[in-house]
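Colleague: For reference, the structure I am asking about is given below.
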Amino acid sequence: MSAPLRLPAAPVQARLWRARATPATPLALEARLSGPLRADVLQAAFAAVRARQEILRTTFAEHRDAVVQVVHPTRGARWLAPGEAGAAAHTLLGDLSRGPLVLAGLDAAHTLRLIAHPAVADYRSLELLAEEILAAYAAQLGVAEEPALEPVEFADVCIWIEQQLGELLTEPAGPDAPTAGLTSAP
């Protein structure tokens with residue numbers, strides 16, 4: 001088994017890490033599924049998506065005075081057992097250093113439930129994740145072709161942000177800094 005990969009965290013992820021004593025509100029998305037359903041195949045589709053998307057296998061740590069993403073080879077987002085996907089499922093989210101930071105499951109009413117820590121997802125990301133899981137599910141059932149998707153590496157985005165913002169991320173803002181006078185985002 002290979003060792004976890006350590007990559008730079010995005011600025012918002014680093015802020016959430018530093019504020020981890022205050023629990024972040026989990027994000028949730030529900031999608032009601034209709035028709036015959038094979039829960040085992042849906043779970044396998046989720047596992048295939050988890051293997052492809054690094055952010056679903058990510059936790060966070062401090063390394064050399066910087067917050068980093070720790071991408072694990074296998075562990076990560078968790079499929080909830082029957083009965084766990086109810087209203088209290090968000091209580092099963094792990095902390096930023098241990099995970100899991102994404103949960104998925106199917107409740108008794110055939111509702112796909114996705115729950116994520118805001119350090120690894122936003123609402124649009126959860127919508128895309130649901131679409132990808134359902135596309136993989138259809139492909140595994142043989143009713144659609146397997147999507148031709150490349151592995152998703154969110155760390156590439158974080159590296160790009162760091163390169164673009166460079167010194168703005170590390171230097172304290174002085175009176176002449178581009179961000180001077182800004183107290184919050186609009």
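The way I read the labels, and the way they are meant: chains A, B, ... in the order of the structure tokens, residue 1 as the first residue of every chain, and ligand 1 as the first ligand shown, with later ones counted on from there.
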Using only C-alpha atoms, find each residue of segment 28-76 of chain A with at least one atom at most 12 Å away from an atom of segment 4-8 of chain A; report its shortest atom-to-atom pair and that distance in Å (one decimal), sort the rows by chain and rising residue number, and return the result as JSON lines.
Modeller:
```
{"residue": "A:Glu54", "atom": "CA", "partner": "A:Leu5", "partner_atom": "CA", "distance": 9.9}
{"residue": "A:Ile55", "atom": "CA", "partner": "A:Leu7", "partner_atom": "CA", "distance": 11.2}
{"residue": "A:Arg57", "atom": "CA", "partner": "A:Pro4", "partner_atom": "CA", "distance": 9.6}
{"residue": "A:Thr58", "atom": "CA", "partner": "A:Pro4", "partner_atom": "CA", "distance": 9.1}
{"residue": "A:Thr59", "atom": "CA", "partner": "A:Arg6", "partner_atom": "CA", "distance": 9.7}
{"residue": "A:Phe60", "atom": "CA", "partner": "A:Arg6", "partner_atom": "CA", "distance": 8.8}
{"residue": "A:Ala61", "atom": "CA", "partner": "A:Arg6", "partner_atom": "CA", "distance": 8.7}
{"residue": "A:Glu62", "atom": "CA", "partner": "A:Arg6", "partner_atom": "CA", "distance": 9.8}
{"residue": "A:His63", "atom": "CA", "partner": "A:Arg6", "partner_atom": "CA", "distance": 8.5}
{"residue": "A:Arg64", "atom": "CA", "partner": "A:Arg6", "partner_atom": "CA", "distance": 11.3}
{"residue": "A:Asp65", "atom": "CA", "partner": "A:Pro8", "partner_atom": "CA", "distance": 11.5}
{"residue": "A:Ala66", "atom": "CA", "partner": "A:Pro8", "partner_atom": "CA", "distance": 7.9}
{"residue": "A:Val67", "atom": "CA", "partner": "A:Pro8", "partner_atom": "CA", "distance": 6.8}
{"residue": "A:Val68", "atom": "CA", "partner": "A:Pro8", "partner_atom": "CA", "distance": 4.6}
{"residue": "A:Gln69", "atom": "CA", "partner": "A:Leu7", "partner_atom": "CA", "distance": 5.1}
{"residue": "A:Val70", "atom": "CA", "partner": "A:Arg6", "partner_atom": "CA", "distance": 4.7}
{"residue": "A:Val71", "atom": "CA", "partner": "A:Leu5", "partner_atom": "CA", "distance": 5.0}
{"residue": "A:His72", "atom": "CA", "partner": "A:Pro4", "partner_atom": "CA", "distance": 4.5}
{"residue": "A:Pro73", "atom": "CA", "partner": "A:Pro4", "partner_atom": "CA", "distance": 6.1}
{"residue": "A:Thr74", "atom": "CA", "partner": "A:Pro4", "partner_atom": "CA", "distance": 9.2}
{"residue": "A:Arg75", "atom": "CA", "partner": "A:Pro4", "partner_atom": "CA", "distance": 9.9}
{"residue": "A:Gly76", "atom": "CA", "partner": "A:Pro4", "partner_atom": "CA", "distance": 11.3}
```
Colleague: Which residues are close to Gly35 of chain A, i.e. within 12 Å by only C-alpha atoms, leaving aside same-chain residues fewer than 2 positions away? Reply as a ChimeraX atom specification.
Modeller: /A:32-33,37-38,109-111
Colleague: Can you write out the residues you just picked, keeping N, CA, C and O atoms, as a PDB file, in the first residue's frame?
Modeller:
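To be explicit, this is the file written out as result-v9.pdb:
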```pdb
ATOM      1  N   ARG A  32     -33.916  11.927  -4.553  1.00  0.00           N
ATOM      2  CA  ARG A  32     -34.895  10.833  -4.495  1.00  0.00           C
ATOM      3  C   ARG A  32     -34.772  10.011  -5.774  1.00  0.00           C
ATOM      4  O   ARG A  32     -34.862  10.535  -6.869  1.00  0.00           O
ATOM      5  N   LEU A  33     -34.539   8.722  -5.619  1.00  0.00           N
ATOM      6  CA  LEU A  33     -34.389   7.817  -6.758  1.00  0.00           C
ATOM      7  C   LEU A  33     -35.684   7.040  -6.938  1.00  0.00           C
ATOM      8  O   LEU A  33     -36.326   6.649  -5.963  1.00  0.00           O
ATOM      9  N   LEU A  37     -34.247  -0.491  -7.761  1.00  0.00           N
ATOM     10  CA  LEU A  37     -32.950  -0.016  -7.311  1.00  0.00           C
ATOM     11  C   LEU A  37     -32.115  -1.167  -6.772  1.00  0.00           C
ATOM     12  O   LEU A  37     -32.603  -1.985  -6.002  1.00  0.00           O
ATOM     13  N   ARG A  38     -30.859  -1.213  -7.186  1.00  0.00           N
ATOM     14  CA  ARG A  38     -29.908  -2.187  -6.658  1.00  0.00           C
ATOM     15  C   ARG A  38     -28.923  -1.450  -5.773  1.00  0.00           C
ATOM     16  O   ARG A  38     -27.974  -0.819  -6.254  1.00  0.00           O
ATOM     17  N   ALA A 109     -36.370   5.193   1.951  1.00  0.00           N
ATOM     18  CA  ALA A 109     -37.256   5.765   0.928  1.00  0.00           C
ATOM     19  C   ALA A 109     -36.548   5.926  -0.419  1.00  0.00           C
ATOM     20  O   ALA A 109     -37.027   6.640  -1.286  1.00  0.00           O
ATOM     21  N   HIS A 110     -35.398   5.258  -0.580  1.00  0.00           N
ATOM     22  CA  HIS A 110     -34.597   5.343  -1.806  1.00  0.00           C
ATOM     23  C   HIS A 110     -34.133   6.763  -2.098  1.00  0.00           C
ATOM     24  O   HIS A 110     -34.140   7.209  -3.241  1.00  0.00           O
ATOM     25  N   THR A 111     -33.702   7.454  -1.064  1.00  0.00           N
ATOM     26  CA  THR A 111     -33.129   8.782  -1.219  1.00  0.00           C
ATOM     27  C   THR A 111     -31.629   8.667  -1.044  1.00  0.00           C
ATOM     28  O   THR A 111     -31.153   8.200  -0.010  1.00  0.00           O
TER      29      THR A 111
END
```
Colleague: Pick out the closest residue to Gln43 of chain A from this set: A:Trp79, A:Ala136, A:Pro118, A:Leu103. Count only C-alpha atoms.
Modeller: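 Using only C-alpha atoms, the shortest distance to Gln43 of chain A belongs to A:Trp79.
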Colleague: Could you please write out, as a list of chain:residue names, every residue of segment 41-71 of chain A that DSSP assigns to strand (DSSP E)?
Modeller: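 DSSP-assigned strand (DSSP E) residues in segment 41-71 of chain A: A:Thr58, A:Thr59, A:Phe60, A:Ala61, A:Glu62, A:His63, A:Ala66, A:Val67, A:Val68, A:Gln69, A:Val70, A:Val71.
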Colleague: Output the selection as a tab-separated table (two decimals), in the first residue's frame - N, CA and C atoms for each residue.
Modeller:
```tsv
chain	number	residue	atom	x	y	z
A	58	THR	N	-9.51	12.57	1.11
A	58	THR	CA	-8.63	13.57	1.68
A	58	THR	C	-8.97	13.89	3.13
A	59	THR	N	-7.92	14.05	3.93
A	59	THR	CA	-8.01	14.65	5.27
A	59	THR	C	-6.98	15.78	5.29
A	60	PHE	N	-6.78	16.38	6.45
A	60	PHE	CA	-5.86	17.52	6.54
A	60	PHE	C	-4.91	17.36	7.71
A	61	ALA	N	-3.76	18.01	7.60
A	61	ALA	CA	-2.75	17.96	8.66
A	61	ALA	C	-1.88	19.21	8.56
A	62	GLU	N	-1.04	19.39	9.57
A	62	GLU	CA	-0.03	20.44	9.49
A	62	GLU	C	1.29	19.75	9.19
A	63	HIS	N	2.00	20.32	8.25
A	63	HIS	CA	3.30	19.77	7.83
A	63	HIS	C	4.23	20.95	7.58
A	66	ALA	N	2.61	24.41	7.63
A	66	ALA	CA	1.61	24.70	6.61
A	66	ALA	C	0.51	23.65	6.69
A	67	VAL	N	-0.69	24.06	6.34
A	67	VAL	CA	-1.80	23.11	6.28
A	67	VAL	C	-1.71	22.40	4.94
A	68	VAL	N	-1.81	21.08	4.98
A	68	VAL	CA	-1.74	20.28	3.76
A	68	VAL	C	-2.95	19.34	3.67
A	69	GLN	N	-3.27	19.01	2.43
A	69	GLN	CA	-4.24	17.94	2.18
A	69	GLN	C	-3.48	16.63	2.23
A	70	VAL	N	-4.05	15.65	2.87
A	70	VAL	CA	-3.45	14.32	2.91
A	70	VAL	C	-4.39	13.41	2.12
A	71	VAL	N	-3.92	13.01	0.93
A	71	VAL	CA	-4.74	12.17	0.06
A	71	VAL	C	-4.36	10.72	0.33
```
Colleague: Using atom CA of Ala89 of chain A and atom CA of Ala51 of chain A as the two end points, give the distance in Å to one decimal.
Modeller: 22.2 Å
Colleague: Considering only helix (DSSP H, G or I) as DSSP defines it on the backbone, what residues of segment 30-171 of chain A qualify? List them as a ChimeraX atom specification.
Modeller: /A:39-52,54-57,89-92,123-141,154-165,167-170
Colleague: Please identify all polymer residues within 12 Å of Ala130 of chain A, counting only C-alpha atoms, omitting same-chain residues fewer than 3 positions from it, and present them as JSON, numbers by chain.
Modeller: {"A": [28, 29, 30, 31, 32, 33, 42, 45, 46, 49, 50, 103, 104, 105, 106, 111, 112, 113, 114, 115, 123, 124, 125, 126, 127, 133, 134, 135, 136, 137]}
Colleague: For the residues in the current selection, export N, CA, C and O atoms as a compact mmCIF listing (two decimals), in the first residue's frame.
Modeller:
```
# COMPACT_ATOMS: atom_id res chain seq x y z
N ALA A 28 -25.34 19.11 2.90
CA ALA A 28 -26.08 17.88 2.58
C ALA A 28 -26.86 18.06 1.29
O ALA A 28 -27.32 19.16 0.97
N LEU A 29 -26.98 16.98 0.57
CA LEU A 29 -27.78 16.95 -0.64
C LEU A 29 -28.54 15.63 -0.65
O LEU A 29 -27.99 14.59 -0.30
N GLU A 30 -29.79 15.69 -1.04
CA GLU A 30 -30.61 14.49 -1.15
C GLU A 30 -31.17 14.40 -2.55
O GLU A 30 -31.59 15.41 -3.12
N ALA A 31 -31.17 13.19 -3.10
CA ALA A 31 -31.74 12.95 -4.43
C ALA A 31 -32.65 11.72 -4.33
O ALA A 31 -32.18 10.63 -4.02
N ARG A 32 -33.92 11.93 -4.55
CA ARG A 32 -34.89 10.83 -4.49
C ARG A 32 -34.77 10.01 -5.77
O ARG A 32 -34.86 10.53 -6.87
N LEU A 33 -34.54 8.72 -5.62
CA LEU A 33 -34.39 7.82 -6.76
C LEU A 33 -35.68 7.04 -6.94
O LEU A 33 -36.33 6.65 -5.96
N LEU A 42 -25.28 0.54 -6.50
CA LEU A 42 -25.11 1.96 -6.20
C LEU A 42 -23.91 2.16 -5.28
O LEU A 42 -23.11 3.07 -5.47
N ALA A 45 -20.83 1.79 -7.32
CA ALA A 45 -20.64 2.99 -8.14
C ALA A 45 -19.99 4.09 -7.30
O ALA A 45 -19.07 4.79 -7.75
N PHE A 46 -20.45 4.24 -6.06
CA PHE A 46 -19.86 5.21 -5.15
C PHE A 46 -18.39 4.89 -4.91
O PHE A 46 -17.54 5.79 -4.93
N VAL A 49 -16.31 6.00 -7.84
CA VAL A 49 -16.13 7.45 -7.86
C VAL A 49 -15.13 7.87 -6.79
O VAL A 49 -14.25 8.71 -7.03
N ARG A 50 -15.20 7.28 -5.61
CA ARG A 50 -14.25 7.58 -4.54
C ARG A 50 -12.82 7.26 -4.99
O ARG A 50 -11.89 8.01 -4.70
N LEU A 103 -19.80 11.56 3.39
CA LEU A 103 -20.62 10.37 3.63
C LEU A 103 -21.65 10.26 2.53
O LEU A 103 -22.13 11.26 2.01
N ALA A 104 -21.99 9.03 2.18
CA ALA A 104 -23.05 8.80 1.20
C ALA A 104 -23.84 7.60 1.66
O ALA A 104 -23.30 6.69 2.31
N GLY A 105 -25.09 7.57 1.33
CA GLY A 105 -25.91 6.43 1.70
C GLY A 105 -27.28 6.51 1.08
O GLY A 105 -27.64 7.50 0.43
N LEU A 106 -28.01 5.48 1.30
CA LEU A 106 -29.34 5.34 0.74
C LEU A 106 -30.28 5.05 1.89
O LEU A 106 -30.05 4.11 2.66
N THR A 111 -33.70 7.45 -1.06
CA THR A 111 -33.13 8.78 -1.22
C THR A 111 -31.63 8.67 -1.04
O THR A 111 -31.15 8.20 -0.01
N LEU A 112 -30.91 9.06 -2.08
CA LEU A 112 -29.45 9.11 -2.01
C LEU A 112 -29.10 10.35 -1.19
O LEU A 112 -29.53 11.45 -1.50
N ARG A 113 -28.35 10.16 -0.13
CA ARG A 113 -27.98 11.26 0.75
C ARG A 113 -26.46 11.42 0.71
O ARG A 113 -25.73 10.46 0.93
N LEU A 114 -26.02 12.64 0.41
CA LEU A 114 -24.60 12.99 0.43
C LEU A 114 -24.39 14.06 1.49
O LEU A 114 -25.12 15.05 1.53
N ILE A 115 -23.40 13.87 2.33
CA ILE A 115 -23.09 14.80 3.41
C ILE A 115 -21.59 15.05 3.37
O ILE A 115 -20.80 14.10 3.27
N TYR A 123 -22.09 23.13 -2.35
CA TYR A 123 -23.33 22.53 -2.84
C TYR A 123 -23.24 22.10 -4.30
O TYR A 123 -23.73 21.04 -4.67
N ARG A 124 -22.59 22.89 -5.13
CA ARG A 124 -22.46 22.51 -6.54
C ARG A 124 -21.62 21.24 -6.67
O ARG A 124 -21.92 20.38 -7.49
N SER A 125 -20.58 21.12 -5.87
CA SER A 125 -19.75 19.91 -5.89
C SER A 125 -20.57 18.68 -5.52
O SER A 125 -20.41 17.61 -6.11
N LEU A 126 -21.47 18.84 -4.54
CA LEU A 126 -22.33 17.70 -4.16
C LEU A 126 -23.29 17.33 -5.29
O LEU A 126 -23.55 16.16 -5.51
N GLU A 127 -23.80 18.33 -6.00
CA GLU A 127 -24.66 18.03 -7.16
C GLU A 127 -23.90 17.24 -8.21
O GLU A 127 -24.39 16.25 -8.75
N ILE A 133 -22.07 9.73 -9.43
CA ILE A 133 -22.43 8.44 -8.83
C ILE A 133 -23.54 7.78 -9.63
O ILE A 133 -23.48 6.58 -9.93
N LEU A 134 -24.55 8.56 -10.01
CA LEU A 134 -25.67 7.99 -10.76
C LEU A 134 -25.25 7.56 -12.17
O LEU A 134 -25.75 6.56 -12.68
N ALA A 135 -24.33 8.30 -12.79
CA ALA A 135 -23.81 7.89 -14.10
C ALA A 135 -23.02 6.59 -13.98
O ALA A 135 -23.15 5.69 -14.82
N ALA A 136 -22.21 6.46 -12.93
CA ALA A 136 -21.46 5.22 -12.71
C ALA A 136 -22.41 4.06 -12.41
O ALA A 136 -22.19 2.93 -12.85
N TYR A 137 -23.47 4.35 -11.68
CA TYR A 137 -24.49 3.34 -11.37
C TYR A 137 -25.14 2.83 -12.66
O TYR A 137 -25.24 1.61 -12.88
```
Colleague: May I ask for the distance between atom CA of Gly83 of chain A and atom CA of Val41 of chain A, given in Å to one decimal place?
Modeller: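 Atom CA of Val41 of chain A lies at a distance of 17.8 Å from atom CA of Gly83 of chain A.
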Colleague: To one decimal in Å, tell me the separation between atom CA of His117 of chain A and atom CA of Ala48 of chain A.
Modeller: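 Going from atom CA of His117 of chain A over to atom CA of Ala48 of chain A, I get 20.4 Å.
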Colleague: Counting only C-alpha atoms, which residue out of A:Ala121, A:Leu27, A:Ala14, A:Leu129 sits closest to His90 of chain A?
Modeller: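 Answer, going by the shortest atom-to-atom distance: A:Leu27.
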Colleague: Considering only C-alpha atoms, can you say which of A:Glu132, A:Gln140, A:Ala108, A:Ala119 comes closest to Ala10 of chain A?
Modeller: A:Ala119
Colleague: May I have the residues within 6 Å of Pro100 of chain A as a ChimeraX atom specification, using only C-alpha atoms and disregarding those fewer than 3 positions away in the same chain?
Modeller: /A:76-77,93-94
Colleague: Just to be explicit: take each residue in the selection above, keep N, CA, C and O atoms, and write the result as an mmCIF file, in the first residue's frame.
Modeller:
```
data_model
loop_
_atom_site.group_PDB
_atom_site.id
_atom_site.type_symbol
_atom_site.label_atom_id
_atom_site.label_comp_id
_atom_site.auth_asym_id
_atom_site.auth_seq_id
_atom_site.Cartn_x
_atom_site.Cartn_y
_atom_site.Cartn_z
ATOM 1 N N GLY A 76 -11.359 6.904 2.987
ATOM 2 C CA GLY A 76 -11.904 8.215 2.692
ATOM 3 C C GLY A 76 -13.399 8.225 2.873
ATOM 4 O O GLY A 76 -13.923 7.707 3.859
ATOM 5 N N ALA A 77 -14.079 8.816 1.893
ATOM 6 C CA ALA A 77 -15.529 8.937 1.953
ATOM 7 C C ALA A 77 -16.134 7.583 2.282
ATOM 8 O O ALA A 77 -15.666 6.540 1.825
ATOM 9 N N LEU A 93 -19.793 12.321 10.460
ATOM 10 C CA LEU A 93 -18.639 12.942 9.801
ATOM 11 C C LEU A 93 -17.473 12.981 10.771
ATOM 12 O O LEU A 93 -17.646 13.282 11.951
ATOM 13 N N GLY A 94 -16.299 12.693 10.257
ATOM 14 C CA GLY A 94 -15.115 12.739 11.094
ATOM 15 C C GLY A 94 -14.556 14.144 11.179
ATOM 16 O O GLY A 94 -15.041 15.064 10.530
#
```
